[in-house]
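Q: One structure coming up, written as structure tokens, with questions to follow.
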Amino acid sequence: MPVPKGSTLDPERTRAAIIESAMPILYERGLDGVGVAELCAAVGVSKETLYRHFGSKEGLIEAVLEARSDRVTRWLRTSAEAAGEDPADQLAAVFDALADWHAEPDFRGCALLNAAAQHHGAPELDLAGRHLERRLALLTEIATRAGATDPGALARQLLILVTGSTVVADQHPATPDAARLARQAALTLLQAAGSPPSSREHR
């Protein structure tokens, strides 16, 4: 991305570093929980540098959310693929990965859904929608490999379980095993749709 005169010689690297530094701050504090001056100080750049690379705080937020979506999407897909070729094993692996994430001390729910709930408008709502579509694509692939009669419908049911388990894990501490419970329901749905029992189902 071209950067005006006086900027770093490696603008893409600087941009990526700012996104990486801002991501945990915005995740922990929320989009409106930190001002531009404090955010710049925490990230270690001037306001001029931030505006040069992102145009505004909103531009930085959008870039951070897009990067977060990329990261989470790759992580869930990698988890599924590492489980082997069996679609039930892949689905179980998705929920196992979610359970590990939910147990992390700094877990604060889904950053994209949190952002959409805070601002409930463009671009955050659009970004959250695209993020869920990317999850839906993975789940549709799993449902298709499982031989589901209607893989699209099954994938949407699974998306509700994936998304719902994360919301419950964040908002309802009395249900710390939300991902495990959702995993059981997801495997039941998958099996009913035509997949044989998973070798991981009773682990």
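All residue names refer to the structure tokens as shown: chains lettered A, B, ... in order, residues numbered from 1 in each chain, ligands numbered from 1 in order.
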Report as a PDB file with N, CA and C atoms, in the first residue's frame all protein, DNA and RNA residues lying within 12 Å of Cys40 of chain A, evaluated on only C-alpha atoms, omitting residues in the same chain fewer than 5 positions from it.
A:
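Saved file selection-v1.pdb follows:
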ATOM      1  N   ILE A  18       1.449  -2.727  13.650  1.00  0.00           N
ATOM      2  CA  ILE A  18       0.439  -1.951  14.364  1.00  0.00           C
ATOM      3  C   ILE A  18      -0.803  -2.809  14.607  1.00  0.00           C
ATOM      4  N   ILE A  19      -1.227  -3.541  13.586  1.00  0.00           N
ATOM      5  CA  ILE A  19      -2.395  -4.417  13.722  1.00  0.00           C
ATOM      6  C   ILE A  19      -2.148  -5.461  14.800  1.00  0.00           C
ATOM      7  N   SER A  21      -0.126  -5.357  17.350  1.00  0.00           N
ATOM      8  CA  SER A  21      -0.066  -4.755  18.682  1.00  0.00           C
ATOM      9  C   SER A  21      -1.439  -4.299  19.163  1.00  0.00           C
ATOM     10  N   ALA A  22      -2.244  -3.792  18.240  1.00  0.00           N
ATOM     11  CA  ALA A  22      -3.563  -3.270  18.618  1.00  0.00           C
ATOM     12  C   ALA A  22      -4.581  -4.378  18.882  1.00  0.00           C
ATOM     13  N   ILE A  25      -5.280  -5.390  22.550  1.00  0.00           N
ATOM     14  CA  ILE A  25      -5.802  -4.248  23.303  1.00  0.00           C
ATOM     15  C   ILE A  25      -7.281  -4.044  23.014  1.00  0.00           C
ATOM     16  N   LEU A  26      -7.632  -4.052  21.739  1.00  0.00           N
ATOM     17  CA  LEU A  26      -9.023  -3.862  21.352  1.00  0.00           C
ATOM     18  C   LEU A  26      -9.880  -5.050  21.775  1.00  0.00           C
ATOM     19  N   VAL A  34     -10.897   2.314  24.583  1.00  0.00           N
ATOM     20  CA  VAL A  34      -9.578   2.947  24.540  1.00  0.00           C
ATOM     21  C   VAL A  34      -9.602   4.035  23.477  1.00  0.00           C
ATOM     22  N   GLY A  35      -9.116   5.223  23.832  1.00  0.00           N
ATOM     23  CA  GLY A  35      -9.084   6.343  22.898  1.00  0.00           C
ATOM     24  C   GLY A  35      -7.899   6.264  21.964  1.00  0.00           C
ATOM     25  N   VAL A  45       3.114   4.098  18.405  1.00  0.00           N
ATOM     26  CA  VAL A  45       3.205   4.912  17.194  1.00  0.00           C
ATOM     27  C   VAL A  45       2.556   6.256  17.463  1.00  0.00           C
ATOM     28  N   SER A  46       2.838   7.210  16.620  1.00  0.00           N
ATOM     29  CA  SER A  46       2.207   8.522  16.734  1.00  0.00           C
ATOM     30  C   SER A  46       0.836   8.487  16.064  1.00  0.00           C
ATOM     31  N   LYS A  47       0.025   9.492  16.392  1.00  0.00           N
ATOM     32  CA  LYS A  47      -1.275   9.594  15.724  1.00  0.00           C
ATOM     33  C   LYS A  47      -1.075   9.763  14.217  1.00  0.00           C
ATOM     34  N   GLU A  48      -0.060  10.531  13.861  1.00  0.00           N
ATOM     35  CA  GLU A  48       0.215  10.752  12.440  1.00  0.00           C
ATOM     36  C   GLU A  48       0.474   9.431  11.723  1.00  0.00           C
ATOM     37  N   THR A  49       1.261   8.561  12.371  1.00  0.00           N
ATOM     38  CA  THR A  49       1.565   7.269  11.759  1.00  0.00           C
ATOM     39  C   THR A  49       0.315   6.411  11.649  1.00  0.00           C
ATOM     40  N   LEU A  50      -0.489   6.399  12.718  1.00  0.00           N
ATOM     41  CA  LEU A  50      -1.716   5.599  12.689  1.00  0.00           C
ATOM     42  C   LEU A  50      -2.638   6.077  11.569  1.00  0.00           C
ATOM     43  N   TYR A  51      -2.829   7.393  11.471  1.00  0.00           N
ATOM     44  CA  TYR A  51      -3.728   7.932  10.449  1.00  0.00           C
ATOM     45  C   TYR A  51      -3.169   7.737   9.046  1.00  0.00           C
ATOM     46  N   SER A  56      -7.955   6.441  10.074  1.00  0.00           N
ATOM     47  CA  SER A  56      -8.692   6.793  11.280  1.00  0.00           C
ATOM     48  C   SER A  56      -8.614   5.617  12.245  1.00  0.00           C
ATOM     49  N   LYS A  57      -9.107   5.841  13.463  1.00  0.00           N
ATOM     50  CA  LYS A  57      -9.209   4.727  14.404  1.00  0.00           C
ATOM     51  C   LYS A  57     -10.138   3.659  13.856  1.00  0.00           C
ATOM     52  N   LEU A  60      -8.335   1.432  11.541  1.00  0.00           N
ATOM     53  CA  LEU A  60      -7.504   0.461  12.261  1.00  0.00           C
ATOM     54  C   LEU A  60      -8.374  -0.668  12.810  1.00  0.00           C
TER      55      LEU A  60
END
Q: According to DSSP computed on the backbone, where in chain A is there helix (DSSP H, G or I)? Give the residues as a short mmCIF file (atom, residue, chain, number, x, y, z; two decimals) with N, CA and C atoms, in the first residue's frame.
A:
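Result file follows (states_15.cif):
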data_model
loop_
_atom_site.label_atom_id
_atom_site.label_comp_id
_atom_site.auth_asym_id
_atom_site.auth_seq_id
_atom_site.Cartn_x
_atom_site.Cartn_y
_atom_site.Cartn_z
N PRO A 11 6.28 0.06 4.61
CA PRO A 11 4.95 0.38 5.14
C PRO A 11 4.12 -0.85 5.49
N GLU A 12 4.21 -1.91 4.70
CA GLU A 12 3.41 -3.09 4.98
C GLU A 12 3.81 -3.74 6.29
N ARG A 13 5.11 -3.75 6.55
CA ARG A 13 5.59 -4.33 7.80
C ARG A 13 5.14 -3.49 9.00
N THR A 14 5.19 -2.18 8.85
CA THR A 14 4.74 -1.29 9.92
C THR A 14 3.24 -1.45 10.15
N ARG A 15 2.49 -1.52 9.08
CA ARG A 15 1.04 -1.70 9.18
C ARG A 15 0.71 -3.01 9.90
N ALA A 16 1.40 -4.08 9.53
CA ALA A 16 1.16 -5.38 10.16
C ALA A 16 1.52 -5.35 11.64
N ALA A 17 2.60 -4.65 11.98
CA ALA A 17 3.03 -4.56 13.38
C ALA A 17 2.01 -3.79 14.21
N ILE A 18 1.45 -2.73 13.65
CA ILE A 18 0.44 -1.95 14.36
C ILE A 18 -0.80 -2.81 14.61
N ILE A 19 -1.23 -3.54 13.59
CA ILE A 19 -2.39 -4.42 13.72
C ILE A 19 -2.15 -5.46 14.80
N GLU A 20 -0.98 -6.06 14.79
CA GLU A 20 -0.65 -7.11 15.76
C GLU A 20 -0.63 -6.56 17.18
N SER A 21 -0.13 -5.36 17.35
CA SER A 21 -0.07 -4.76 18.68
C SER A 21 -1.44 -4.30 19.16
N ALA A 22 -2.24 -3.79 18.24
CA ALA A 22 -3.56 -3.27 18.62
C ALA A 22 -4.58 -4.38 18.88
N MET A 23 -4.39 -5.54 18.28
CA MET A 23 -5.39 -6.61 18.35
C MET A 23 -5.73 -7.02 19.78
N PRO A 24 -4.74 -7.35 20.63
CA PRO A 24 -5.10 -7.76 22.00
C PRO A 24 -5.68 -6.62 22.84
N ILE A 25 -5.28 -5.39 22.55
CA ILE A 25 -5.80 -4.25 23.30
C ILE A 25 -7.28 -4.04 23.01
N LEU A 26 -7.63 -4.05 21.74
CA LEU A 26 -9.02 -3.86 21.35
C LEU A 26 -9.88 -5.05 21.77
N TYR A 27 -9.29 -6.24 21.79
CA TYR A 27 -10.04 -7.42 22.21
C TYR A 27 -10.36 -7.36 23.69
N GLU A 28 -9.39 -6.93 24.48
CA GLU A 28 -9.59 -6.88 25.94
C GLU A 28 -10.45 -5.69 26.36
N ARG A 29 -10.22 -4.54 25.74
CA ARG A 29 -10.87 -3.31 26.19
C ARG A 29 -12.16 -2.99 25.43
N VAL A 36 -7.89 7.15 20.98
CA VAL A 36 -6.83 7.14 19.98
C VAL A 36 -5.47 7.40 20.62
N ALA A 37 -5.39 8.39 21.52
CA ALA A 37 -4.11 8.73 22.13
C ALA A 37 -3.57 7.56 22.95
N GLU A 38 -4.43 6.95 23.75
CA GLU A 38 -4.00 5.81 24.56
C GLU A 38 -3.63 4.63 23.68
N LEU A 39 -4.39 4.42 22.63
CA LEU A 39 -4.10 3.31 21.72
C LEU A 39 -2.76 3.51 21.03
N CYS A 40 -2.50 4.73 20.59
CA CYS A 40 -1.21 5.01 19.95
C CYS A 40 -0.05 4.79 20.92
N ALA A 41 -0.23 5.22 22.16
CA ALA A 41 0.82 5.05 23.16
C ALA A 41 1.07 3.57 23.43
N ALA A 42 0.00 2.79 23.51
CA ALA A 42 0.14 1.36 23.78
C ALA A 42 0.79 0.63 22.61
N VAL A 43 0.45 1.04 21.41
CA VAL A 43 1.00 0.40 20.22
C VAL A 43 2.41 0.89 19.93
N LYS A 47 0.02 9.49 16.39
CA LYS A 47 -1.27 9.59 15.72
C LYS A 47 -1.07 9.76 14.22
N GLU A 48 -0.06 10.53 13.86
CA GLU A 48 0.22 10.75 12.44
C GLU A 48 0.47 9.43 11.72
N THR A 49 1.26 8.56 12.37
CA THR A 49 1.56 7.27 11.76
C THR A 49 0.31 6.41 11.65
N LEU A 50 -0.49 6.40 12.72
CA LEU A 50 -1.72 5.60 12.69
C LEU A 50 -2.64 6.08 11.57
N TYR A 51 -2.83 7.39 11.47
CA TYR A 51 -3.73 7.93 10.45
C TYR A 51 -3.17 7.74 9.05
N ARG A 52 -1.84 7.76 8.93
CA ARG A 52 -1.22 7.58 7.62
C ARG A 52 -1.51 6.17 7.08
N HIS A 53 -1.47 5.20 7.98
CA HIS A 53 -1.64 3.81 7.55
C HIS A 53 -3.10 3.35 7.50
N PHE A 54 -3.95 3.95 8.34
CA PHE A 54 -5.33 3.44 8.43
C PHE A 54 -6.40 4.50 8.20
N LYS A 57 -9.11 5.84 13.46
CA LYS A 57 -9.21 4.73 14.40
C LYS A 57 -10.14 3.66 13.86
N GLU A 58 -11.22 4.07 13.21
CA GLU A 58 -12.17 3.11 12.62
C GLU A 58 -11.49 2.26 11.55
N GLY A 59 -10.59 2.89 10.79
CA GLY A 59 -9.85 2.13 9.79
C GLY A 59 -8.96 1.08 10.41
N LEU A 60 -8.34 1.43 11.54
CA LEU A 60 -7.50 0.46 12.26
C LEU A 60 -8.37 -0.67 12.81
N ILE A 61 -9.51 -0.31 13.37
CA ILE A 61 -10.42 -1.33 13.92
C ILE A 61 -10.82 -2.32 12.83
N GLU A 62 -11.16 -1.80 11.67
CA GLU A 62 -11.57 -2.68 10.56
C GLU A 62 -10.42 -3.61 10.17
N ALA A 63 -9.21 -3.07 10.08
CA ALA A 63 -8.06 -3.90 9.72
C ALA A 63 -7.79 -4.96 10.78
N VAL A 64 -7.93 -4.60 12.05
CA VAL A 64 -7.71 -5.55 13.14
C VAL A 64 -8.75 -6.67 13.08
N LEU A 65 -10.00 -6.31 12.85
CA LEU A 65 -11.05 -7.33 12.79
C LEU A 65 -10.87 -8.26 11.60
N GLU A 66 -10.47 -7.72 10.47
CA GLU A 66 -10.20 -8.57 9.31
C GLU A 66 -9.05 -9.53 9.59
N ALA A 67 -8.00 -9.03 10.23
CA ALA A 67 -6.86 -9.89 10.57
C ALA A 67 -7.27 -10.96 11.57
N ARG A 68 -8.10 -10.58 12.53
CA ARG A 68 -8.57 -11.55 13.52
C ARG A 68 -9.40 -12.64 12.85
N SER A 69 -10.26 -12.26 11.94
CA SER A 69 -11.07 -13.23 11.22
C SER A 69 -10.20 -14.19 10.42
N ASP A 70 -9.18 -13.64 9.74
CA ASP A 70 -8.25 -14.49 8.99
C ASP A 70 -7.60 -15.51 9.90
N ARG A 71 -7.15 -15.05 11.05
CA ARG A 71 -6.41 -15.91 11.98
C ARG A 71 -7.31 -17.03 12.53
N VAL A 72 -8.51 -16.65 12.97
CA VAL A 72 -9.42 -17.64 13.55
C VAL A 72 -9.86 -18.64 12.49
N THR A 73 -10.14 -18.16 11.28
CA THR A 73 -10.56 -19.06 10.21
C THR A 73 -9.49 -20.07 9.89
N ARG A 74 -8.23 -19.63 9.78
CA ARG A 74 -7.13 -20.55 9.51
C ARG A 74 -6.96 -21.55 10.65
N TRP A 75 -7.10 -21.07 11.87
CA TRP A 75 -6.93 -21.93 13.04
C TRP A 75 -7.96 -23.05 13.08
N LEU A 76 -9.23 -22.71 12.85
CA LEU A 76 -10.27 -23.74 12.88
C LEU A 76 -10.12 -24.71 11.71
N ARG A 77 -9.77 -24.20 10.54
CA ARG A 77 -9.59 -25.08 9.39
C ARG A 77 -8.40 -26.01 9.60
N THR A 78 -7.32 -25.47 10.15
CA THR A 78 -6.14 -26.30 10.42
C THR A 78 -6.47 -27.38 11.45
N SER A 79 -7.24 -27.02 12.46
CA SER A 79 -7.65 -28.00 13.48
C SER A 79 -8.46 -29.12 12.85
N ALA A 80 -9.38 -28.76 11.96
CA ALA A 80 -10.21 -29.77 11.30
C ALA A 80 -9.37 -30.67 10.40
N GLU A 81 -8.50 -30.06 9.61
CA GLU A 81 -7.69 -30.84 8.68
C GLU A 81 -6.72 -31.76 9.39
N ALA A 82 -6.23 -31.34 10.55
CA ALA A 82 -5.28 -32.16 11.30
C ALA A 82 -5.93 -33.42 11.89
N PRO A 87 -15.15 -36.90 8.40
CA PRO A 87 -15.84 -35.64 8.70
C PRO A 87 -16.28 -35.51 10.15
N ALA A 88 -16.64 -36.62 10.79
CA ALA A 88 -17.03 -36.55 12.20
C ALA A 88 -15.82 -36.20 13.08
N ASP A 89 -14.68 -36.77 12.74
CA ASP A 89 -13.46 -36.42 13.48
C ASP A 89 -13.11 -34.95 13.28
N GLN A 90 -13.30 -34.47 12.06
CA GLN A 90 -13.01 -33.07 11.77
C GLN A 90 -13.94 -32.15 12.56
N LEU A 91 -15.21 -32.51 12.61
CA LEU A 91 -16.16 -31.69 13.35
C LEU A 91 -15.84 -31.70 14.84
N ALA A 92 -15.52 -32.88 15.36
CA ALA A 92 -15.15 -32.97 16.77
C ALA A 92 -13.93 -32.10 17.06
N ALA A 93 -12.98 -32.07 16.13
CA ALA A 93 -11.76 -31.28 16.32
C ALA A 93 -12.06 -29.80 16.38
N VAL A 94 -13.05 -29.34 15.61
CA VAL A 94 -13.44 -27.93 15.65
C VAL A 94 -13.89 -27.56 17.06
N PHE A 95 -14.74 -28.39 17.66
CA PHE A 95 -15.24 -28.09 18.99
C PHE A 95 -14.17 -28.29 20.06
N ASP A 96 -13.25 -29.23 19.84
CA ASP A 96 -12.14 -29.38 20.78
C ASP A 96 -11.26 -28.13 20.78
N ALA A 97 -11.05 -27.58 19.59
CA ALA A 97 -10.26 -26.34 19.49
C ALA A 97 -10.99 -25.20 20.20
N LEU A 98 -12.29 -25.12 20.01
CA LEU A 98 -13.07 -24.08 20.69
C LEU A 98 -12.98 -24.23 22.20
N ALA A 99 -13.06 -25.47 22.69
CA ALA A 99 -12.98 -25.70 24.13
C ALA A 99 -11.65 -25.21 24.69
N ASP A 100 -10.56 -25.46 23.96
CA ASP A 100 -9.24 -24.98 24.40
C ASP A 100 -9.22 -23.46 24.45
N TRP A 101 -9.79 -22.83 23.44
CA TRP A 101 -9.83 -21.36 23.39
C TRP A 101 -10.68 -20.80 24.53
N HIS A 102 -11.83 -21.40 24.76
CA HIS A 102 -12.71 -20.91 25.83
C HIS A 102 -12.04 -21.00 27.20
N ALA A 111 -14.27 -11.81 18.93
CA ALA A 111 -13.99 -10.39 18.70
C ALA A 111 -14.91 -9.79 17.64
N LEU A 112 -15.21 -10.56 16.60
CA LEU A 112 -16.05 -10.03 15.53
C LEU A 112 -17.49 -9.83 16.01
N LEU A 113 -18.02 -10.80 16.74
CA LEU A 113 -19.38 -10.67 17.26
C LEU A 113 -19.46 -9.58 18.33
N ASN A 114 -18.42 -9.48 19.14
CA ASN A 114 -18.37 -8.40 20.14
C ASN A 114 -18.43 -7.04 19.46
N ALA A 115 -17.66 -6.90 18.39
CA ALA A 115 -17.62 -5.62 17.67
C ALA A 115 -18.97 -5.29 17.06
N ALA A 116 -19.62 -6.30 16.47
CA ALA A 116 -20.93 -6.08 15.87
C ALA A 116 -21.97 -5.71 16.92
N ALA A 117 -21.86 -6.31 18.10
CA ALA A 117 -22.79 -6.00 19.18
C ALA A 117 -22.58 -4.58 19.71
N GLN A 118 -21.31 -4.14 19.74
CA GLN A 118 -21.01 -2.80 20.25
C GLN A 118 -21.48 -1.71 19.30
N HIS A 119 -21.26 -1.89 18.01
CA HIS A 119 -21.58 -0.83 17.05
C HIS A 119 -22.80 -1.14 16.21
N GLU A 124 -18.59 -2.99 11.13
CA GLU A 124 -18.46 -4.11 12.08
C GLU A 124 -19.48 -5.22 11.83
N LEU A 125 -20.72 -4.84 11.56
CA LEU A 125 -21.76 -5.85 11.33
C LEU A 125 -21.47 -6.63 10.06
N ASP A 126 -20.98 -5.94 9.04
CA ASP A 126 -20.63 -6.60 7.78
C ASP A 126 -19.45 -7.56 7.98
N LEU A 127 -18.47 -7.12 8.74
CA LEU A 127 -17.30 -7.96 9.01
C LEU A 127 -17.70 -9.22 9.77
N ALA A 128 -18.59 -9.06 10.76
CA ALA A 128 -19.05 -10.22 11.53
C ALA A 128 -19.80 -11.19 10.63
N GLY A 129 -20.62 -10.65 9.74
CA GLY A 129 -21.35 -11.51 8.81
C GLY A 129 -20.43 -12.29 7.91
N ARG A 130 -19.40 -11.64 7.39
CA ARG A 130 -18.44 -12.34 6.53
C ARG A 130 -17.66 -13.38 7.33
N HIS A 131 -17.36 -13.05 8.57
CA HIS A 131 -16.65 -13.99 9.44
C HIS A 131 -17.48 -15.27 9.63
N LEU A 132 -18.76 -15.11 9.88
CA LEU A 132 -19.63 -16.27 10.06
C LEU A 132 -19.77 -17.05 8.76
N GLU A 133 -19.76 -16.36 7.63
CA GLU A 133 -19.84 -17.05 6.35
C GLU A 133 -18.61 -17.92 6.13
N ARG A 134 -17.46 -17.47 6.61
CA ARG A 134 -16.24 -18.26 6.46
C ARG A 134 -16.31 -19.51 7.33
N ARG A 135 -16.87 -19.38 8.52
CA ARG A 135 -17.08 -20.57 9.35
C ARG A 135 -18.08 -21.50 8.69
N LEU A 136 -19.12 -20.92 8.11
CA LEU A 136 -20.15 -21.71 7.46
C LEU A 136 -19.56 -22.50 6.30
N ALA A 137 -18.62 -21.91 5.58
CA ALA A 137 -18.00 -22.61 4.45
C ALA A 137 -17.28 -23.87 4.92
N LEU A 138 -16.54 -23.77 6.02
CA LEU A 138 -15.85 -24.94 6.56
C LEU A 138 -16.86 -26.00 6.99
N LEU A 139 -17.89 -25.59 7.68
CA LEU A 139 -18.89 -26.54 8.17
C LEU A 139 -19.66 -27.18 7.01
N THR A 140 -19.89 -26.42 5.95
CA THR A 140 -20.56 -26.97 4.77
C THR A 140 -19.69 -28.04 4.11
N GLU A 141 -18.40 -27.81 4.06
CA GLU A 141 -17.48 -28.81 3.50
C GLU A 141 -17.55 -30.10 4.31
N ILE A 142 -17.56 -29.97 5.64
CA ILE A 142 -17.63 -31.14 6.51
C ILE A 142 -18.96 -31.86 6.30
N ALA A 143 -20.06 -31.11 6.25
CA ALA A 143 -21.38 -31.70 6.06
C ALA A 143 -21.49 -32.40 4.71
N THR A 144 -20.88 -31.82 3.68
CA THR A 144 -20.90 -32.43 2.35
C THR A 144 -20.14 -33.74 2.34
N ARG A 145 -18.95 -33.75 2.95
CA ARG A 145 -18.16 -34.98 3.01
C ARG A 145 -18.87 -36.06 3.82
N PRO A 151 -26.58 -30.52 2.97
CA PRO A 151 -25.39 -30.04 3.69
C PRO A 151 -25.48 -28.58 4.09
N GLY A 152 -26.17 -27.77 3.30
CA GLY A 152 -26.30 -26.36 3.64
C GLY A 152 -27.09 -26.15 4.91
N ALA A 153 -28.20 -26.87 5.03
CA ALA A 153 -29.03 -26.76 6.23
C ALA A 153 -28.30 -27.30 7.45
N LEU A 154 -27.62 -28.43 7.30
CA LEU A 154 -26.87 -29.00 8.41
C LEU A 154 -25.76 -28.04 8.84
N ALA A 155 -25.08 -27.46 7.88
CA ALA A 155 -23.99 -26.53 8.20
C ALA A 155 -24.49 -25.34 9.01
N ARG A 156 -25.67 -24.85 8.70
CA ARG A 156 -26.22 -23.72 9.45
C ARG A 156 -26.59 -24.13 10.87
N GLN A 157 -27.06 -25.35 11.04
CA GLN A 157 -27.31 -25.86 12.39
C GLN A 157 -26.00 -25.94 13.17
N LEU A 158 -24.96 -26.42 12.50
CA LEU A 158 -23.66 -26.54 13.15
C LEU A 158 -23.09 -25.16 13.47
N LEU A 159 -23.31 -24.19 12.57
CA LEU A 159 -22.84 -22.83 12.82
C LEU A 159 -23.47 -22.25 14.08
N ILE A 160 -24.74 -22.53 14.28
CA ILE A 160 -25.42 -22.06 15.49
C ILE A 160 -24.77 -22.66 16.73
N LEU A 161 -24.39 -23.92 16.65
CA LEU A 161 -23.74 -24.57 17.80
C LEU A 161 -22.34 -24.01 18.03
N VAL A 162 -21.60 -23.80 16.96
CA VAL A 162 -20.25 -23.24 17.09
C VAL A 162 -20.31 -21.84 17.69
N THR A 163 -21.16 -21.00 17.12
CA THR A 163 -21.27 -19.62 17.57
C THR A 163 -21.90 -19.53 18.95
N GLY A 164 -22.95 -20.30 19.15
CA GLY A 164 -23.64 -20.27 20.44
C GLY A 164 -22.77 -20.74 21.58
N SER A 165 -21.94 -21.76 21.34
CA SER A 165 -21.09 -22.25 22.42
C SER A 165 -20.09 -21.19 22.86
N THR A 166 -19.61 -20.39 21.91
CA THR A 166 -18.67 -19.33 22.24
C THR A 166 -19.35 -18.22 23.03
N VAL A 167 -20.57 -17.87 22.64
CA VAL A 167 -21.31 -16.84 23.38
C VAL A 167 -21.61 -17.32 24.80
N VAL A 168 -22.06 -18.56 24.93
CA VAL A 168 -22.38 -19.09 26.26
C VAL A 168 -21.12 -19.20 27.12
N ALA A 169 -20.02 -19.64 26.54
CA ALA A 169 -18.77 -19.75 27.29
C ALA A 169 -18.32 -18.40 27.82
N ASP A 170 -18.60 -17.34 27.05
CA ASP A 170 -18.20 -15.99 27.45
C ASP A 170 -19.18 -15.37 28.44
N GLN A 171 -20.47 -15.56 28.20
CA GLN A 171 -21.49 -14.82 28.94
C GLN A 171 -22.12 -15.60 30.10
N ALA A 178 -19.41 -25.43 27.65
CA ALA A 178 -20.31 -25.15 26.53
C ALA A 178 -19.85 -25.83 25.25
N ALA A 179 -18.57 -25.80 24.96
CA ALA A 179 -18.07 -26.40 23.72
C ALA A 179 -18.26 -27.92 23.73
N ARG A 180 -18.08 -28.54 24.86
CA ARG A 180 -18.26 -29.99 24.96
C ARG A 180 -19.72 -30.36 24.73
N LEU A 181 -20.63 -29.60 25.33
CA LEU A 181 -22.05 -29.87 25.15
C LEU A 181 -22.45 -29.65 23.68
N ALA A 182 -21.95 -28.58 23.08
CA ALA A 182 -22.24 -28.31 21.67
C ALA A 182 -21.64 -29.39 20.78
N ARG A 183 -20.48 -29.89 21.14
CA ARG A 183 -19.82 -30.97 20.40
C ARG A 183 -20.70 -32.20 20.33
N GLN A 184 -21.28 -32.58 21.47
CA GLN A 184 -22.15 -33.74 21.51
C GLN A 184 -23.35 -33.55 20.59
N ALA A 185 -23.95 -32.38 20.65
CA ALA A 185 -25.11 -32.09 19.81
C ALA A 185 -24.72 -32.09 18.33
N ALA A 186 -23.56 -31.52 18.01
CA ALA A 186 -23.11 -31.44 16.62
C ALA A 186 -22.86 -32.83 16.05
N LEU A 187 -22.23 -33.70 16.80
CA LEU A 187 -21.96 -35.05 16.32
C LEU A 187 -23.25 -35.84 16.16
N THR A 188 -24.20 -35.60 17.02
CA THR A 188 -25.50 -36.25 16.89
C THR A 188 -26.18 -35.82 15.59
N LEU A 189 -26.16 -34.53 15.31
CA LEU A 189 -26.73 -34.02 14.07
C LEU A 189 -26.01 -34.60 12.85
N LEU A 190 -24.70 -34.65 12.91
CA LEU A 190 -23.92 -35.15 11.79
C LEU A 190 -24.22 -36.62 11.54
N GLN A 191 -24.29 -37.40 12.61
CA GLN A 191 -24.57 -38.82 12.47
C GLN A 191 -25.97 -39.04 11.89
N ALA A 192 -26.93 -38.25 12.35
CA ALA A 192 -28.29 -38.37 11.85
C ALA A 192 -28.38 -38.00 10.37
#
Q: At a cut-off of 9 Å, using only C-alpha atoms, what residues contact Gly194 of chain A? Leave out same-chain residues fewer than 6 positions from it and give the result as an mmCIF file with N, CA, C and O atoms, in the first residue's frame.
A:
data_model
loop_
_atom_site.group_PDB
_atom_site.id
_atom_site.type_symbol
_atom_site.label_atom_id
_atom_site.label_comp_id
_atom_site.auth_asym_id
_atom_site.auth_seq_id
_atom_site.Cartn_x
_atom_site.Cartn_y
_atom_site.Cartn_z
ATOM 1 N N ALA A 146 -19.706 -35.639 4.770
ATOM 2 C CA ALA A 146 -20.440 -36.598 5.595
ATOM 3 C C ALA A 146 -21.617 -37.213 4.849
ATOM 4 O O ALA A 146 -22.255 -38.136 5.346
ATOM 5 N N GLY A 147 -21.906 -36.699 3.662
ATOM 6 C CA GLY A 147 -23.006 -37.239 2.878
ATOM 7 C C GLY A 147 -24.369 -36.754 3.322
ATOM 8 O O GLY A 147 -25.378 -37.437 3.110
ATOM 9 N N ALA A 148 -24.428 -35.591 3.953
ATOM 10 C CA ALA A 148 -25.710 -35.056 4.413
ATOM 11 C C ALA A 148 -26.640 -34.815 3.227
ATOM 12 O O ALA A 148 -26.213 -34.364 2.162
ATOM 13 N N THR A 149 -27.911 -35.088 3.435
ATOM 14 C CA THR A 149 -28.910 -34.872 2.389
ATOM 15 C C THR A 149 -28.998 -33.401 2.008
ATOM 16 O O THR A 149 -29.092 -33.054 0.831
#
